[in-house]
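**Q** What follows is a structure written as structure tokens; I'll ask about it next.
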Amino acid sequence: MNLSDILKKKRRRFLSIDFGQAFVKILYLESHASGLRLLDHDLKKISLSDSTRPEIVKFINNFLKKNSITEKEANLNIAGPDSVIIKHLTLPVLPRQEILEAAKWQLKDIVQADLNDFIIDWQIVKEFVGAQGAKKNIILFALTNKDVVNKCISIVFNCGLNPVSVSSDPFNYANILKQSKEKSDLQALLNIGYNHTSICIYKNSKLQFIRELPYSTEKLIRSLSGTLISDKGTIELTQEKAEKMIEEIGVPKDDTEVFKDGIKAMQIISLIRPVLEQLVKEVRLSLEYFSSNFKEETLPMLYIAGGSSGLKNLSEYLSKELGIKIERLSLPERIIIQGVQRERVERDQAYILNALGSSLSDLRAINLMPAEIKARKTELVSKSSMRVISVAVSAVFLVSLVFVRVQLRDYKSRLVHTKLHLETIKEIKVLTNDIEEKEIFMDQLRLGRIPTEGLLKLISAMVPGEVMLDELYLEQESHKLFLKGAISAKDQIIEKILTMFMEKMEASSFFREATLASSVKNEGTQQFEIRCDLAF
């Protein structure tokens with residue numbers, strides 16, 4: 001949110017677009033003081049490529065048209081192990097401007113390509129003291145090929161939108177985990193996608209460990225494709241039929257169950273078991289490796305997320321095999337959902353969480369936006385600032401001109417009403433004399449033994465709204481206070497008001513007794529005098 005929005009407490013609307021490996025997701029959001037309101041969302045099963053580009057542009061434009069969206073800002077997300085390389089490096093503590101240059105020789109060995117073809121961003125994960133007493137940093141570096149990012153940005157530009165950030169799954173899910181109900185320094189997440197799966201471990205919401213696993217929903221579907229023999233004969237399960245069956249059945253819990261076309265649960269389990277067992281094995285190895293090498297305790301639970309995390313009975317299967325609590329990552333409480341689309345959001349939750357996470361990032365988050373676009377944005381901000389300054393200067397000049405004209409009229413008016421002003425000045429002089437006398441009186445009071453400042457504050461706090469005090473006289477020697485004033489109220493409640501006023505005074509530690517010396521009705525008001533004995 002920019003400064004003007006913050007100052008005006010303006011609700012800002014923007015888009016979040018996720019270019020996944022199997023789906024493109026788009027979200028329309030509005031910022032609130034308490035979080036984000038999800039106004040609408042949509043998703044389309046399509047992968048990013050040169051041939052699908054027109055279809056993706058059409059999909060986004062249709063969404064913009066449907067919601068009459070005029071806002072231009074968009075957060076982008078790119079997914080998949082081939083899109084973003086993440087590496088942790090240990091470097092000595094250096095000034096921020098020198099960190100990237102110092103890391104380039106190590107990063108070059110990792111990507112084995114020209115670093116100029118990559119966009120690189122980084123964040124410090126941990127600072128520690130080495131064996132020889134030197135301070136060091138563990139720094140996370142994220143690298144992505146410029147061509148991948150430029151493809152996404154080009155599509156967004158074609159739709160008339162302005163990209164403000166480019167992120168990736170592991171960093172987006174960190175933002176979601178920050179909002180989770182389970183408040184723990186150490187959190188683990190299994191990101192299950194259609195084409196890939198990764199396990200991420202976070203400490204204090206920063207990515208500490210990431211590993212790609214040889215599992216995907218596509219592999220699970222392929223393991224089920226082929227020929228099955230049931231009581232009704234031979235059944236050919238194509239890729240499409242196998243995918244539909246996985247969506248409907250998931251991981252069977254009861255091996256005696258029989259499904260459509262006479263297919264038995266035992267047959268499905270026997271086909272998909274090798275893939276699932278490999279997933280369990282790799283997750284267990286990853287958790288043990290992290291616990292051993294990072295000297296951390298064993299994680300008590302594991303979140304699962306990603307487009308395929310909603311597979312029926314998958315979380316129960318993993319929990320049983322791994323012996324730990326498994327929980328699907330849910331929407332943060334900060335995400336406000338309109339009632340009419342709650343059902344759709346719950347259905348698509350696994351797909352849109354990633355895009356929601358990118359909308360919850362802060363200024364310190366990884367941003368893989370090309371440097372030239374960042375520079376262009378900075379230039380636009382500078383030009384915008386210059387325009388604002390020019391408009392402001394012009395406005396000041398116009399206001400000054402108007403002010404001068406108003407002053408001229410004011411001076412003319414003053415000449416016409418000279419007598420009125422002279423009378424006002426006389427009244428001011430009288431008021432000034434009264435103030436001076438009161439100041440002298442206050443000085444005298446301060447010299448006495450009685451804490452006059454506290455006494456006056458107390459009387460001011462006690463005076464009812466209907467009472468106007470005209471005179472206050474304090475006898476230091478005899479410890480007496482005299483109050484004169486008037487009450488503007490109905491006759492029936494005047495006595496009650498005076499009684500309550502005196503009772504308040506007597507109830508305080510400053511007054512011993514308050515007596516009504518006189519009470520006379522005069523010209524619609526009740527004049528009174530109260531005499532008080534001070535408790536000193």
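We label chains A, B, ... in the order they appear in the structure tokens, count residues from 1 in each chain, and number ligands from 1 in the order shown.
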Which residues are near Leu140 (chain A)? Cut-off 6 Å, only C-alpha atoms, ignore same chain within fewer than 2 positions. Put them as a ChimeraX atom specification.
**A** /A:87-88,122-123
**Q** Restricting it to N, CA and C atoms, dump the selection as a compact mmCIF listing (two decimals), in the first residue's frame.
**A**
```txt
# COMPACT_ATOMS: atom_id res chain seq x y z
N LYS A 87 18.30 -21.63 -3.15
CA LYS A 87 19.55 -22.15 -2.57
C LYS A 87 19.92 -21.34 -1.33
N HIS A 88 20.34 -22.05 -0.27
CA HIS A 88 20.85 -21.40 0.93
C HIS A 88 22.39 -21.39 0.88
N TRP A 122 17.21 -12.12 -2.72
CA TRP A 122 17.70 -12.86 -1.55
C TRP A 122 17.14 -12.26 -0.27
N GLN A 123 17.22 -13.05 0.81
CA GLN A 123 16.87 -12.56 2.14
C GLN A 123 17.71 -13.31 3.18
```
**Q** Which residues are near Asp261 (chain A)? Cut-off 9 Å, only C-alpha atoms, ignore same chain within fewer than 3 positions. Put them as a list in words.
**A**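 Listed by chain and then number, they are Ser230, Asp231, Lys232, Gly233, Ile235 and Val258 of chain A.
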**Q** Within 12 Å of Asn62 (chain A), counting only C-alpha atoms, which residues show up once you throw out same-chain ones fewer than 4 positions away? Write them as a CSV table (one decimal) with N, CA and C atoms, in the first residue's frame, please.
**A**
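As written to disk, around05.csv reads:
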```csv
chain,number,residue,atom,x,y,z
A,26,ILE,N,-6.8,-16.6,-10.9
A,26,ILE,CA,-6.8,-15.2,-10.8
A,26,ILE,C,-7.8,-14.8,-9.6
A,41,HIS,N,-12.9,-14.8,-7.6
A,41,HIS,CA,-11.8,-15.6,-8.1
A,41,HIS,C,-12.2,-16.5,-9.2
A,42,ASP,N,-11.3,-17.0,-10.0
A,42,ASP,CA,-11.6,-18.0,-11.0
A,42,ASP,C,-10.3,-18.8,-11.3
A,43,LEU,N,-10.5,-19.9,-11.9
A,43,LEU,CA,-9.3,-20.7,-12.3
A,43,LEU,C,-9.6,-21.5,-13.6
A,44,LYS,N,-8.5,-21.8,-14.3
A,44,LYS,CA,-8.7,-22.5,-15.6
A,44,LYS,C,-7.6,-23.5,-15.7
A,55,GLU,N,-5.2,-17.9,-25.1
A,55,GLU,CA,-6.3,-18.4,-24.3
A,55,GLU,C,-6.2,-17.9,-22.9
A,56,ILE,N,-5.0,-17.8,-22.4
A,56,ILE,CA,-4.8,-17.2,-21.0
A,56,ILE,C,-5.1,-15.7,-21.0
A,57,VAL,N,-4.7,-15.0,-22.0
A,57,VAL,CA,-5.1,-13.6,-22.1
A,57,VAL,C,-6.6,-13.4,-22.1
A,58,LYS,N,-7.3,-14.2,-22.9
A,58,LYS,CA,-8.7,-14.2,-23.0
A,58,LYS,C,-9.4,-14.5,-21.6
A,66,LYS,N,-16.0,-9.2,-16.5
A,66,LYS,CA,-17.1,-9.7,-15.6
A,66,LYS,C,-17.2,-8.9,-14.4
A,67,ASN,N,-16.1,-8.5,-13.8
A,67,ASN,CA,-16.1,-7.8,-12.5
A,67,ASN,C,-15.9,-6.3,-12.6
A,68,SER,N,-15.9,-5.8,-13.9
A,68,SER,CA,-15.8,-4.4,-14.2
A,68,SER,C,-14.6,-3.8,-13.5
A,69,ILE,N,-13.4,-4.5,-13.6
A,69,ILE,CA,-12.2,-4.1,-12.9
A,69,ILE,C,-11.5,-3.0,-13.6
A,159,CYS,N,-3.0,-7.6,-21.1
A,159,CYS,CA,-4.3,-7.4,-20.4
A,159,CYS,C,-4.5,-6.0,-19.8
```
**Q** CA of Leu356 (chain A) and CA of Ala33 (chain A), how far apart in Å?
**A**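 So the answer is 16.5 Å.
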**Q** Determine, counting only C-alpha atoms, which protein, DNA and RNA residues have an atom within 12 Å of an atom of region 288-291 of chain A; residues of the same chain fewer than 3 positions away are not included. Present the result as an MDAnalysis selection string.
**A** chainID A and resid 186:188 199:203 208:211 281:285 294:300 322
**Q** Any chance you could export the current selection's N, CA and C atoms as a PDB file, in the first residue's frame?
**A**
```pdb
ATOM      1  N   LEU A 186       8.730 -23.552  14.382  1.00  0.00           N
ATOM      2  CA  LEU A 186       9.123 -24.509  13.352  1.00  0.00           C
ATOM      3  C   LEU A 186       7.868 -25.078  12.693  1.00  0.00           C
ATOM      4  N   GLN A 187       7.777 -24.962  11.372  1.00  0.00           N
ATOM      5  CA  GLN A 187       6.610 -25.449  10.632  1.00  0.00           C
ATOM      6  C   GLN A 187       7.056 -26.149   9.350  1.00  0.00           C
ATOM      7  N   ALA A 188       6.357 -27.212   9.002  1.00  0.00           N
ATOM      8  CA  ALA A 188       6.673 -27.974   7.789  1.00  0.00           C
ATOM      9  C   ALA A 188       5.454 -28.023   6.889  1.00  0.00           C
ATOM     10  N   ILE A 199       8.758 -30.454  -0.261  1.00  0.00           N
ATOM     11  CA  ILE A 199       8.582 -30.291   1.176  1.00  0.00           C
ATOM     12  C   ILE A 199       9.400 -29.086   1.622  1.00  0.00           C
ATOM     13  N   CYS A 200       8.751 -28.195   2.376  1.00  0.00           N
ATOM     14  CA  CYS A 200       9.394 -26.968   2.853  1.00  0.00           C
ATOM     15  C   CYS A 200       9.316 -26.927   4.373  1.00  0.00           C
ATOM     16  N   ILE A 201      10.408 -26.502   5.002  1.00  0.00           N
ATOM     17  CA  ILE A 201      10.426 -26.351   6.454  1.00  0.00           C
ATOM     18  C   ILE A 201      10.817 -24.906   6.766  1.00  0.00           C
ATOM     19  N   TYR A 202      10.029 -24.285   7.635  1.00  0.00           N
ATOM     20  CA  TYR A 202      10.203 -22.871   7.959  1.00  0.00           C
ATOM     21  C   TYR A 202      10.525 -22.712   9.441  1.00  0.00           C
ATOM     22  N   LYS A 203      11.364 -21.724   9.720  1.00  0.00           N
ATOM     23  CA  LYS A 203      11.613 -21.337  11.114  1.00  0.00           C
ATOM     24  C   LYS A 203      11.415 -19.834  11.219  1.00  0.00           C
ATOM     25  N   GLN A 208      13.819 -22.504   5.663  1.00  0.00           N
ATOM     26  CA  GLN A 208      15.098 -23.063   6.114  1.00  0.00           C
ATOM     27  C   GLN A 208      15.541 -24.236   5.240  1.00  0.00           C
ATOM     28  N   PHE A 209      14.556 -24.949   4.695  1.00  0.00           N
ATOM     29  CA  PHE A 209      14.885 -26.195   3.985  1.00  0.00           C
ATOM     30  C   PHE A 209      13.811 -26.442   2.932  1.00  0.00           C
ATOM     31  N   ILE A 210      14.235 -26.848   1.732  1.00  0.00           N
ATOM     32  CA  ILE A 210      13.299 -27.200   0.674  1.00  0.00           C
ATOM     33  C   ILE A 210      13.877 -28.361  -0.129  1.00  0.00           C
ATOM     34  N   ARG A 211      13.009 -29.283  -0.495  1.00  0.00           N
ATOM     35  CA  ARG A 211      13.457 -30.439  -1.274  1.00  0.00           C
ATOM     36  C   ARG A 211      12.327 -30.892  -2.185  1.00  0.00           C
ATOM     37  N   LYS A 281       8.096 -42.488   2.069  1.00  0.00           N
ATOM     38  CA  LYS A 281       9.525 -42.706   2.299  1.00  0.00           C
ATOM     39  C   LYS A 281      10.308 -41.405   2.151  1.00  0.00           C
ATOM     40  N   GLU A 282      10.032 -40.637   1.110  1.00  0.00           N
ATOM     41  CA  GLU A 282      10.781 -39.399   0.849  1.00  0.00           C
ATOM     42  C   GLU A 282      10.466 -38.326   1.889  1.00  0.00           C
ATOM     43  N   VAL A 283       9.215 -38.273   2.321  1.00  0.00           N
ATOM     44  CA  VAL A 283       8.862 -37.297   3.363  1.00  0.00           C
ATOM     45  C   VAL A 283       9.578 -37.636   4.660  1.00  0.00           C
ATOM     46  N   ARG A 284       9.572 -38.915   5.031  1.00  0.00           N
ATOM     47  CA  ARG A 284      10.231 -39.346   6.264  1.00  0.00           C
ATOM     48  C   ARG A 284      11.729 -39.048   6.220  1.00  0.00           C
ATOM     49  N   LEU A 285      12.368 -39.343   5.089  1.00  0.00           N
ATOM     50  CA  LEU A 285      13.804 -39.073   4.939  1.00  0.00           C
ATOM     51  C   LEU A 285      14.102 -37.584   5.053  1.00  0.00           C
ATOM     52  N   PHE A 294      20.174 -30.026  10.988  1.00  0.00           N
ATOM     53  CA  PHE A 294      19.915 -28.672  11.468  1.00  0.00           C
ATOM     54  C   PHE A 294      19.764 -28.626  12.984  1.00  0.00           C
ATOM     55  N   LYS A 295      20.003 -29.792  13.617  1.00  0.00           N
ATOM     56  CA  LYS A 295      19.949 -29.885  15.075  1.00  0.00           C
ATOM     57  C   LYS A 295      18.628 -29.350  15.623  1.00  0.00           C
ATOM     58  N   GLU A 296      17.548 -29.758  14.971  1.00  0.00           N
ATOM     59  CA  GLU A 296      16.221 -29.340  15.398  1.00  0.00           C
ATOM     60  C   GLU A 296      15.432 -30.552  15.877  1.00  0.00           C
ATOM     61  N   GLU A 297      14.442 -30.301  16.719  1.00  0.00           N
ATOM     62  CA  GLU A 297      13.604 -31.387  17.217  1.00  0.00           C
ATOM     63  C   GLU A 297      12.696 -31.915  16.105  1.00  0.00           C
ATOM     64  N   THR A 298      12.191 -33.113  16.283  1.00  0.00           N
ATOM     65  CA  THR A 298      11.307 -33.718  15.296  1.00  0.00           C
ATOM     66  C   THR A 298      10.007 -32.930  15.222  1.00  0.00           C
ATOM     67  N   LEU A 299       9.569 -32.672  14.000  1.00  0.00           N
ATOM     68  CA  LEU A 299       8.355 -31.882  13.813  1.00  0.00           C
ATOM     69  C   LEU A 299       7.133 -32.676  14.239  1.00  0.00           C
ATOM     70  N   PRO A 300       6.254 -32.069  15.039  1.00  0.00           N
ATOM     71  CA  PRO A 300       5.086 -32.799  15.545  1.00  0.00           C
ATOM     72  C   PRO A 300       3.949 -32.917  14.539  1.00  0.00           C
ATOM     73  N   LEU A 322       3.145 -41.992   8.538  1.00  0.00           N
ATOM     74  CA  LEU A 322       4.263 -41.217   9.087  1.00  0.00           C
ATOM     75  C   LEU A 322       4.220 -41.133  10.611  1.00  0.00           C
TER      76      LEU A 322
END
```
**Q** Taking only region 219-253 of chain A into account, list the residues labelled strand (DSSP E) by DSSP (computed from the backbone), as a list in words.
**A**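 Taking region 219-253 of chain A and keeping strand (DSSP E) gives Gly226, Thr227, Leu228, Ile229, Ser230, Gly233, Thr234, Ile235, Glu236 and Leu237 of chain A.
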**Q** Which residue is closest to Pro170 (chain A)? Choose from A:Ala365, A:Leu91, A:Ala22, A:Met266 and count only C-alpha atoms.
**A** A:Ala365
**Q** Region 527-535 of chain A: which residues within 9 Å, counting only C-alpha atoms, same-chain residues fewer than 2 positions away excluded, as a ChimeraX atom specification?
**A** /A:450,478-487,498,502,505-506,509-522,525
**Q** Atoms to include: N, CA and C atoms. Write the selected residues as a short mmCIF file (atom, residue, chain, number, x, y, z; two decimals), in the first residue's frame.
**A**
```
data_model
loop_
_atom_site.label_atom_id
_atom_site.label_comp_id
_atom_site.auth_asym_id
_atom_site.auth_seq_id
_atom_site.Cartn_x
_atom_site.Cartn_y
_atom_site.Cartn_z
N ILE A 450 -2.52 26.52 51.03
CA ILE A 450 -3.50 25.61 50.44
C ILE A 450 -3.08 25.27 49.00
N SER A 478 -8.43 31.87 57.37
CA SER A 478 -9.57 31.18 58.00
C SER A 478 -9.93 29.88 57.30
N HIS A 479 -9.23 29.57 56.18
CA HIS A 479 -9.48 28.34 55.42
C HIS A 479 -10.94 28.25 54.97
N LYS A 480 -11.41 29.37 54.41
CA LYS A 480 -12.78 29.40 53.90
C LYS A 480 -12.77 29.75 52.41
N LEU A 481 -13.75 29.22 51.73
CA LEU A 481 -13.90 29.46 50.29
C LEU A 481 -15.32 29.92 50.03
N PHE A 482 -15.47 31.00 49.24
CA PHE A 482 -16.80 31.52 48.90
C PHE A 482 -16.98 31.40 47.38
N LEU A 483 -18.10 30.82 46.98
CA LEU A 483 -18.43 30.66 45.56
C LEU A 483 -19.73 31.38 45.25
N LYS A 484 -19.73 32.21 44.22
CA LYS A 484 -20.95 32.87 43.76
C LYS A 484 -21.18 32.49 42.30
N GLY A 485 -22.45 32.28 41.98
CA GLY A 485 -22.75 31.90 40.59
C GLY A 485 -24.24 31.90 40.33
N ALA A 486 -24.61 31.33 39.16
CA ALA A 486 -26.01 31.29 38.75
C ALA A 486 -26.32 29.93 38.15
N ILE A 487 -27.60 29.54 38.26
CA ILE A 487 -28.06 28.27 37.69
C ILE A 487 -29.13 28.56 36.66
N LEU A 498 -28.15 22.22 43.29
CA LEU A 498 -27.31 22.83 44.32
C LEU A 498 -26.93 21.81 45.40
N MET A 502 -23.11 20.58 46.37
CA MET A 502 -22.52 20.71 47.71
C MET A 502 -22.14 19.34 48.28
N MET A 505 -18.86 18.33 46.90
CA MET A 505 -17.76 19.06 47.54
C MET A 505 -17.43 18.45 48.90
N GLU A 506 -18.48 18.18 49.68
CA GLU A 506 -18.26 17.64 51.03
C GLU A 506 -17.67 16.23 50.98
N SER A 509 -11.85 15.31 49.67
CA SER A 509 -10.91 15.48 50.78
C SER A 509 -10.53 16.94 51.00
N PHE A 510 -10.94 17.86 50.09
CA PHE A 510 -10.58 19.27 50.20
C PHE A 510 -11.56 20.04 51.11
N PHE A 511 -12.80 19.60 51.21
CA PHE A 511 -13.84 20.37 51.90
C PHE A 511 -14.37 19.61 53.13
N ARG A 512 -14.57 20.37 54.19
CA ARG A 512 -15.14 19.78 55.39
C ARG A 512 -16.65 19.96 55.41
N GLU A 513 -17.11 21.18 55.00
CA GLU A 513 -18.54 21.48 55.02
C GLU A 513 -18.84 22.53 53.97
N ALA A 514 -20.00 22.39 53.30
CA ALA A 514 -20.45 23.37 52.31
C ALA A 514 -21.84 23.84 52.72
N THR A 515 -22.02 25.19 52.82
CA THR A 515 -23.30 25.75 53.28
C THR A 515 -23.83 26.71 52.23
N LEU A 516 -25.13 26.63 51.99
CA LEU A 516 -25.78 27.56 51.05
C LEU A 516 -26.08 28.85 51.80
N ALA A 517 -25.34 29.90 51.48
CA ALA A 517 -25.50 31.18 52.17
C ALA A 517 -26.72 31.94 51.67
N SER A 518 -26.94 31.87 50.34
CA SER A 518 -28.10 32.59 49.78
C SER A 518 -28.48 31.96 48.45
N SER A 519 -29.76 32.15 48.08
CA SER A 519 -30.27 31.65 46.79
C SER A 519 -31.43 32.53 46.37
N VAL A 520 -31.23 33.35 45.31
CA VAL A 520 -32.23 34.35 44.89
C VAL A 520 -32.47 34.21 43.39
N LYS A 521 -33.76 34.20 43.00
CA LYS A 521 -34.11 34.15 41.58
C LYS A 521 -33.98 35.54 40.99
N ASN A 522 -33.32 35.64 39.82
CA ASN A 522 -33.07 36.95 39.21
C ASN A 522 -33.03 36.80 37.70
N THR A 525 -32.75 33.35 36.09
CA THR A 525 -31.70 32.48 36.65
C THR A 525 -31.77 32.52 38.17
#
```
**Q** With region 144-151 of chain A as the partner and 10 Å as the cut-off, tabulate the residues of region 158-261 of chain A that qualify, each row holding the nearest pair of atoms and their distance in Å to one decimal, using only C-alpha atoms, sorted by chain and rising number, as a tab-separated table.
**A**
```
residue	atom	partner	partner_atom	distance
A:Val166	CA	A:Val149	CA	7.8
A:Ser167	CA	A:Val149	CA	9.9
A:Ser168	CA	A:Thr144	CA	9.8
```
**Q** Name all residues at most 12 Å from Ala102 (chain A) (count only C-alpha atoms; drop same-chain ones fewer than 3 positions away) and give them as a list of chain:residue names.
**A**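 What passes the distance filter is A:Leu89, A:Thr90, A:Leu91, A:Pro92, A:Val93, A:Leu94, A:Pro95, A:Arg96, A:Gln97, A:Glu98, A:Ile99, A:Trp105, A:Gln106, A:Leu107, A:Lys108, A:Ile139.
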**Q** Once DSSP has gone over the backbone, tell me which residues of region 125-206 of chain A are in helix (DSSP H, G or I), as a PyMOL selection string.
**A** chain A and resi 146-158+169-178
**Q** For Ser330 (chain A), find every residue with an atom within 8 Å (counting only C-alpha atoms), except residues of its own chain fewer than 2 positions away, and show them as a PyMOL selection string.
**A** chain A and resi 180+328+332+349+353
**Q** For the selection just defined, write its residues with C-alpha atoms to a file, as a PDB file, in the first residue's frame.
**A**
```
ATOM      1  CA  SER A 180      -2.023 -20.197  11.144  1.00  0.00           C
ATOM      2  CA  ARG A 328      -4.554 -29.266   5.366  1.00  0.00           C
ATOM      3  CA  PRO A 332      -6.155 -17.391   7.300  1.00  0.00           C
ATOM      4  CA  GLN A 349      -9.263 -23.403  -1.532  1.00  0.00           C
ATOM      5  CA  LEU A 353      -4.112 -20.408  -1.297  1.00  0.00           C
TER       6      LEU A 353
END
```
**Q** Quote the spacing between CA of Glu218 (chain A) and CA of Arg342 (chain A) in Å to one decimal place.
**A**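 Here the two named atoms are 28.5 Å from each other.
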